[in-house]
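The structure appears below as structure tokens.
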Amino acid sequence: MKITNFRIAELQVPLKKPFKTALRSVEYIDDVVVEIHTDEGLVGYGEAAPTVVITGDSKGGITAAIRDHVAPALIGLSLDAPETIFGRLDGAILKNTSAKAAVDMAIYDLIGQSLGVPVYKLLGGFRDTLETDLTISLNQPGEMAVDAIEAVERGYKTLKIKLGKDPQLDLKRLMAVADAVGEQVSLRLDANQGWTAKEAVRILGKIQDQGIAIEFVEQPVAAHDFEGLKYVTDNTELAIMADESLFSPADALKLLQVRAVDLLNIKLMKCGGINQALKICMLAELYGVECMVGCMLESKLSVNAAAHLAAAKSVVRYVDLDGPGLSLTDPVDGGSAFDEARILISQSPGLGVKAVEGLHYLD
């Protein structure tokens, strides 16, 4: 079975409420979808999120990367030789990890379909259900407390609290959430690079002084500041997780070798897809470090692919796949079932996606 054609489309999905972090504020998902067609009639689906403040990838850049570089490199290749396909994908263009992630997941979708096996079983098949957290956006303390209560009422047992703007107010935000939900839920913090290393150590110390139980803290310092990340890890008892500092397997190796963090957050949009994510998982296993599989602000289409990865590997302990839980509508027919916090992995071949509604094709 050979790759015959690529189709590129835009997809917009409204959110239940604006998504706010220390880096951006977003009111709807605005992503790029790729369909890869074959000579036997199978279609694989992938999605790319243009998160310019993190990956540097824009909608136009993603579209051009796939159309002008990736598609010409892959059309005509046989799905019987995935090593060749992923090698061509990696070499078609430097960086552009979001575009590569969309194509990568569509390839895995096709491989699974051709073999009649769901992707998570191809990758390891460790489990078939997951439980995700839900993100509480960065707002004033009172609003975040209300959002946290609503999340708990929806059945979420773990909340990821966005911080990173104004350390003093950050502490008030967290205390408001903790007071609102009590000890019935687990709390994770995500500063999105919003603190300096010394600010992070200081505010995390104050959080511990308040007796607030925290599962872990994501990316407290700037992405490039590996030394600062290690400083925070070495000077707090709280577990520290790399997010924006971790794109590639090479980044993972550097972080692991110097023990700059306690945990790794793998996102397909950062690393370039499932193929590269598996290499990060392997490194994490070698160093005895657990991982989380997360997502950008994506629809169920690509979050479903990330869920297959998370379900496949035992080294993935944490799941942050709340894109569908933040979305007002679901444009995807098929795929895994996202029932608030619970994710039931699709048993259909490939990624299980039958169709995507609302696509605006660019060809």
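FYI, nothing fancy with the structure tokens labels: chains A, B, ... in order, residues from 1 per chain, ligands from 1 as they appear.
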Report as a ChimeraX atom specification all protein, DNA and RNA residues lying within 9 Å of region 2-19 of chain A, evaluated on only C-alpha atoms, omitting residues in the same chain fewer than 3 positions from it.
/A:24-40,47,59,63,66-67,71,74-80,135-138,297-299,325-331,356-363
Could the residues in this selection be written to a file with N, CA and C atoms, as a short mmCIF file (atom, residue, chain, number, x, y, z; two decimals), in the first residue's frame?
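Below is the file that was written, selection.cif:
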data_model
loop_
_atom_site.label_atom_id
_atom_site.label_comp_id
_atom_site.auth_asym_id
_atom_site.auth_seq_id
_atom_site.Cartn_x
_atom_site.Cartn_y
_atom_site.Cartn_z
N ARG A 24 -0.34 33.16 26.79
CA ARG A 24 -1.34 33.49 25.76
C ARG A 24 -2.75 33.35 26.30
N SER A 25 -3.70 33.89 25.51
CA SER A 25 -5.12 33.73 25.79
C SER A 25 -5.80 33.35 24.48
N VAL A 26 -6.59 32.26 24.51
CA VAL A 26 -7.18 31.70 23.29
C VAL A 26 -8.66 31.44 23.51
N GLU A 27 -9.49 31.76 22.50
CA GLU A 27 -10.93 31.57 22.62
C GLU A 27 -11.44 30.38 21.80
N TYR A 28 -10.65 29.90 20.84
CA TYR A 28 -11.06 28.73 20.07
C TYR A 28 -9.84 28.03 19.49
N ILE A 29 -9.98 26.75 19.27
CA ILE A 29 -8.94 25.96 18.61
C ILE A 29 -8.94 26.32 17.14
N ASP A 30 -7.78 26.55 16.59
CA ASP A 30 -7.64 26.96 15.19
C ASP A 30 -6.45 26.19 14.60
N ASP A 31 -6.69 24.96 14.15
CA ASP A 31 -5.62 24.03 13.81
C ASP A 31 -5.61 23.65 12.33
N VAL A 32 -4.57 22.93 11.96
CA VAL A 32 -4.40 22.41 10.60
C VAL A 32 -4.58 20.90 10.64
N VAL A 33 -5.40 20.38 9.73
CA VAL A 33 -5.64 18.95 9.63
C VAL A 33 -5.05 18.44 8.33
N VAL A 34 -4.42 17.27 8.40
CA VAL A 34 -3.88 16.64 7.20
C VAL A 34 -4.55 15.28 7.01
N GLU A 35 -4.94 15.00 5.79
CA GLU A 35 -5.41 13.67 5.40
C GLU A 35 -4.36 13.06 4.47
N ILE A 36 -3.94 11.84 4.75
CA ILE A 36 -3.03 11.13 3.85
C ILE A 36 -3.79 9.99 3.21
N HIS A 37 -3.87 10.00 1.88
CA HIS A 37 -4.61 9.01 1.13
C HIS A 37 -3.68 7.96 0.54
N THR A 38 -4.22 6.75 0.34
CA THR A 38 -3.43 5.64 -0.19
C THR A 38 -4.08 5.06 -1.44
N ASP A 39 -3.31 4.22 -2.13
CA ASP A 39 -3.83 3.60 -3.35
C ASP A 39 -4.84 2.50 -3.07
N GLU A 40 -5.05 2.13 -1.81
CA GLU A 40 -6.04 1.13 -1.46
C GLU A 40 -7.27 1.75 -0.79
N GLU A 47 -3.39 16.10 12.96
CA GLU A 47 -3.72 17.49 13.30
C GLU A 47 -2.50 18.19 13.86
N LYS A 59 0.00 28.71 11.45
CA LYS A 59 -0.85 27.98 10.50
C LYS A 59 -0.24 27.99 9.10
N THR A 63 1.15 24.68 7.11
CA THR A 63 0.59 24.34 5.81
C THR A 63 1.69 24.26 4.75
N ILE A 66 4.03 21.14 5.17
CA ILE A 66 3.44 19.88 4.70
C ILE A 66 3.32 19.87 3.18
N ARG A 67 2.78 20.95 2.64
CA ARG A 67 2.49 21.01 1.20
C ARG A 67 3.77 21.01 0.35
N ALA A 71 4.98 16.45 1.94
CA ALA A 71 4.20 15.66 0.99
C ALA A 71 5.05 15.18 -0.19
N LEU A 74 7.13 12.16 0.72
CA LEU A 74 6.49 10.92 1.14
C LEU A 74 5.59 10.28 0.09
N ILE A 75 5.06 11.06 -0.83
CA ILE A 75 4.17 10.49 -1.84
C ILE A 75 4.91 9.44 -2.65
N GLY A 76 4.26 8.29 -2.78
CA GLY A 76 4.85 7.17 -3.51
C GLY A 76 5.51 6.14 -2.62
N LEU A 77 5.75 6.48 -1.34
CA LEU A 77 6.39 5.52 -0.44
C LEU A 77 5.39 4.47 0.02
N SER A 78 5.92 3.28 0.32
CA SER A 78 5.08 2.17 0.79
C SER A 78 4.99 2.17 2.30
N LEU A 79 3.78 1.90 2.80
CA LEU A 79 3.59 1.81 4.24
C LEU A 79 4.23 0.56 4.83
N ASP A 80 4.71 -0.32 3.98
CA ASP A 80 5.42 -1.50 4.45
C ASP A 80 6.82 -1.16 4.96
N THR A 135 -7.34 21.60 32.99
CA THR A 135 -6.60 22.83 33.24
C THR A 135 -7.51 23.93 33.75
N ILE A 136 -7.05 24.61 34.80
CA ILE A 136 -7.73 25.80 35.31
C ILE A 136 -6.94 27.01 34.82
N SER A 137 -7.55 27.80 33.94
CA SER A 137 -6.85 28.90 33.29
C SER A 137 -6.42 29.98 34.28
N LEU A 138 -5.45 30.76 33.86
CA LEU A 138 -4.88 31.85 34.66
C LEU A 138 -5.85 33.05 34.68
N LEU A 297 -3.34 23.15 22.86
CA LEU A 297 -4.78 23.34 22.75
C LEU A 297 -5.21 22.72 21.42
N GLU A 298 -5.60 21.46 21.46
CA GLU A 298 -5.89 20.68 20.26
C GLU A 298 -7.28 20.06 20.37
N SER A 299 -7.86 19.72 19.23
CA SER A 299 -9.14 19.03 19.23
C SER A 299 -8.93 17.56 19.55
N GLY A 325 -12.02 18.14 26.77
CA GLY A 325 -12.77 18.62 27.92
C GLY A 325 -12.92 20.13 27.95
N LEU A 326 -12.04 20.83 27.25
CA LEU A 326 -12.10 22.29 27.17
C LEU A 326 -12.93 22.77 25.98
N SER A 327 -13.20 21.85 25.03
CA SER A 327 -13.88 22.21 23.79
C SER A 327 -15.40 22.21 23.97
N LEU A 328 -16.04 23.12 23.26
CA LEU A 328 -17.50 23.20 23.31
C LEU A 328 -18.14 22.14 22.44
N THR A 329 -17.50 21.79 21.33
CA THR A 329 -18.03 20.78 20.41
C THR A 329 -16.94 19.78 20.06
N ASP A 330 -17.35 18.64 19.54
CA ASP A 330 -16.42 17.59 19.12
C ASP A 330 -16.65 17.31 17.64
N PRO A 331 -15.69 17.67 16.77
CA PRO A 331 -15.89 17.49 15.34
C PRO A 331 -15.53 16.10 14.83
N VAL A 356 -14.02 13.78 10.05
CA VAL A 356 -13.89 15.02 10.82
C VAL A 356 -14.82 16.06 10.20
N GLU A 357 -15.73 16.57 10.99
CA GLU A 357 -16.69 17.56 10.48
C GLU A 357 -16.10 18.97 10.52
N GLY A 358 -16.60 19.82 9.66
CA GLY A 358 -16.24 21.24 9.69
C GLY A 358 -14.90 21.57 9.08
N LEU A 359 -14.33 20.68 8.28
CA LEU A 359 -13.03 20.98 7.68
C LEU A 359 -13.19 21.96 6.52
N HIS A 360 -12.26 22.89 6.46
CA HIS A 360 -12.19 23.83 5.32
C HIS A 360 -10.92 23.50 4.55
N TYR A 361 -11.10 22.80 3.42
CA TYR A 361 -9.94 22.33 2.67
C TYR A 361 -9.24 23.48 1.96
N LEU A 362 -7.92 23.39 1.90
CA LEU A 362 -7.12 24.45 1.31
C LEU A 362 -6.70 24.12 -0.12
N ASP A 363 -7.19 22.99 -0.64
CA ASP A 363 -6.84 22.64 -2.03
C ASP A 363 -8.11 22.51 -2.88
#
Write out as an MDAnalysis selection string each polymer residue whose atoms come within 6 Å of Gln193 (chain A), counting only C-alpha atoms; drop sequence neighbours fewer than 3 positions from it.
chainID A and resid 219:222
Which residues, written as a ChimeraX atom specification, have at least one atom at most 8 Å from region 256-262 of chain A, with only C-alpha atoms counted and residues fewer than 5 positions away on the same chain left out?
/A:226-227,229-231,233,239-242,284,287,289-290
Generate a file of the selected residues that holds C-alpha atoms, formatted as a PDB file, in the first residue's frame.
ATOM      1  CA  PHE A 226      18.393  24.285  31.849  1.00  0.00           C
ATOM      2  CA  GLU A 227      20.675  25.468  34.655  1.00  0.00           C
ATOM      3  CA  LEU A 229      15.608  24.296  35.958  1.00  0.00           C
ATOM      4  CA  LYS A 230      18.215  22.205  37.731  1.00  0.00           C
ATOM      5  CA  TYR A 231      18.589  24.903  40.413  1.00  0.00           C
ATOM      6  CA  THR A 233      14.912  20.910  41.178  1.00  0.00           C
ATOM      7  CA  ALA A 239       8.757  17.310  41.912  1.00  0.00           C
ATOM      8  CA  ILE A 240       9.707  19.439  38.893  1.00  0.00           C
ATOM      9  CA  MET A 241       8.646  18.587  35.349  1.00  0.00           C
ATOM     10  CA  ALA A 242      10.141  19.801  32.068  1.00  0.00           C
ATOM     11  CA  ALA A 284      13.107   8.007  30.378  1.00  0.00           C
ATOM     12  CA  TYR A 287      17.058   6.766  33.554  1.00  0.00           C
ATOM     13  CA  VAL A 289      12.174   8.858  35.173  1.00  0.00           C
ATOM     14  CA  GLU A 290       8.417   8.873  34.711  1.00  0.00           C
TER      15      GLU A 290
END
If you count only C-alpha atoms, which residues fall within 8 Å of Val185 (chain A), apart from same-chain ones fewer than 6 positions away, as a list in words?
Val152, Tyr156, Lys157, Thr158 and Leu159 of chain A
Limited to C-alpha atoms, could you put the picked residues into a file as a compact mmCIF listing (two decimals), in the first residue's frame?
# COMPACT_ATOMS: atom_id res chain seq x y z
CA VAL A 152 -14.75 18.88 40.36
CA TYR A 156 -12.31 15.67 37.57
CA LYS A 157 -10.12 14.44 40.41
CA THR A 158 -6.94 16.19 39.26
CA LEU A 159 -6.57 19.86 38.31
What does the structure give for the distance between CA of Ala250 (chain A) and CA of Ile280 (chain A), in Å to one decimal?
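Separation between CA of Ala250 (chain A) and CA of Ile280 (chain A): 8.5 Å.
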Any idea what's packed within 9 Å of Lys172 (chain A), counting only C-alpha atoms, ignoring anything in its chain fewer than 4 positions away? Could you give it as a compact mmCIF listing (two decimals) with N, CA and C atoms, in the first residue's frame?
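The new file around04.txt reads:
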# COMPACT_ATOMS: atom_id res chain seq x y z
N GLN A 140 -8.13 35.81 37.81
CA GLN A 140 -8.12 36.29 39.18
C GLN A 140 -8.46 35.12 40.13
N PRO A 141 -7.97 35.17 41.37
CA PRO A 141 -8.15 34.05 42.29
C PRO A 141 -9.59 33.56 42.42
N PRO A 167 4.28 36.54 41.00
CA PRO A 167 4.44 35.50 42.02
C PRO A 167 3.56 35.68 43.24
N GLN A 168 3.37 36.92 43.71
CA GLN A 168 2.53 37.13 44.89
C GLN A 168 1.08 36.77 44.60
N ALA A 176 -6.66 30.13 46.73
CA ALA A 176 -8.10 30.22 46.47
C ALA A 176 -8.63 28.90 45.92
N VAL A 177 -7.88 28.29 45.00
CA VAL A 177 -8.30 27.01 44.44
C VAL A 177 -8.26 25.92 45.51
Distance query Cys281 (chain A) at most 12 Å, only C-alpha atoms, self and fewer than 2 positions along chain excluded, as a PyMOL selection string
chain A and resi 123-124+248-249+252-253+256+263-267+271+274-279+283-293+309-310+312-317
Mind the document's chain letters and residue numbers, and return as a ChimeraX atom specification the residues of region 14-233 of chain A that DSSP labels strand (DSSP E).
/A:14-20,25-38,43-48,129-131,134-136,158-162,186-190,217-218
All residues 8 Å or closer to Val181 (chain A), only C-alpha atoms, same chain fewer than 6 positions away omitted, as number ranges by chain
A: 145, 148-149, 152
Counting only C-alpha atoms, figure out which residue out of A:Ile111, A:Leu89, A:Ala65, A:Ala178 gets nearest to Ala48 (chain A).
A:Ala65
Considering only C-alpha atoms, can you say which of A:Leu115, A:Leu268, A:Val43, A:Leu130 comes closest to Asn96 (chain A)?
A:Leu268
Extract the full set of alpha helix (DSSP H) residues from region 44-94 of chain A according to DSSP on the backbone, and format it as a count of residues only.
21
Smallest atom-to-atom distance to Gly211 (chain A): which of A:Gly334, A:Gly182, A:Pro72, A:Gly294, using only C-alpha atoms?
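Ranked by minimum distance to Gly211 (chain A), first place goes to A:Gly182.
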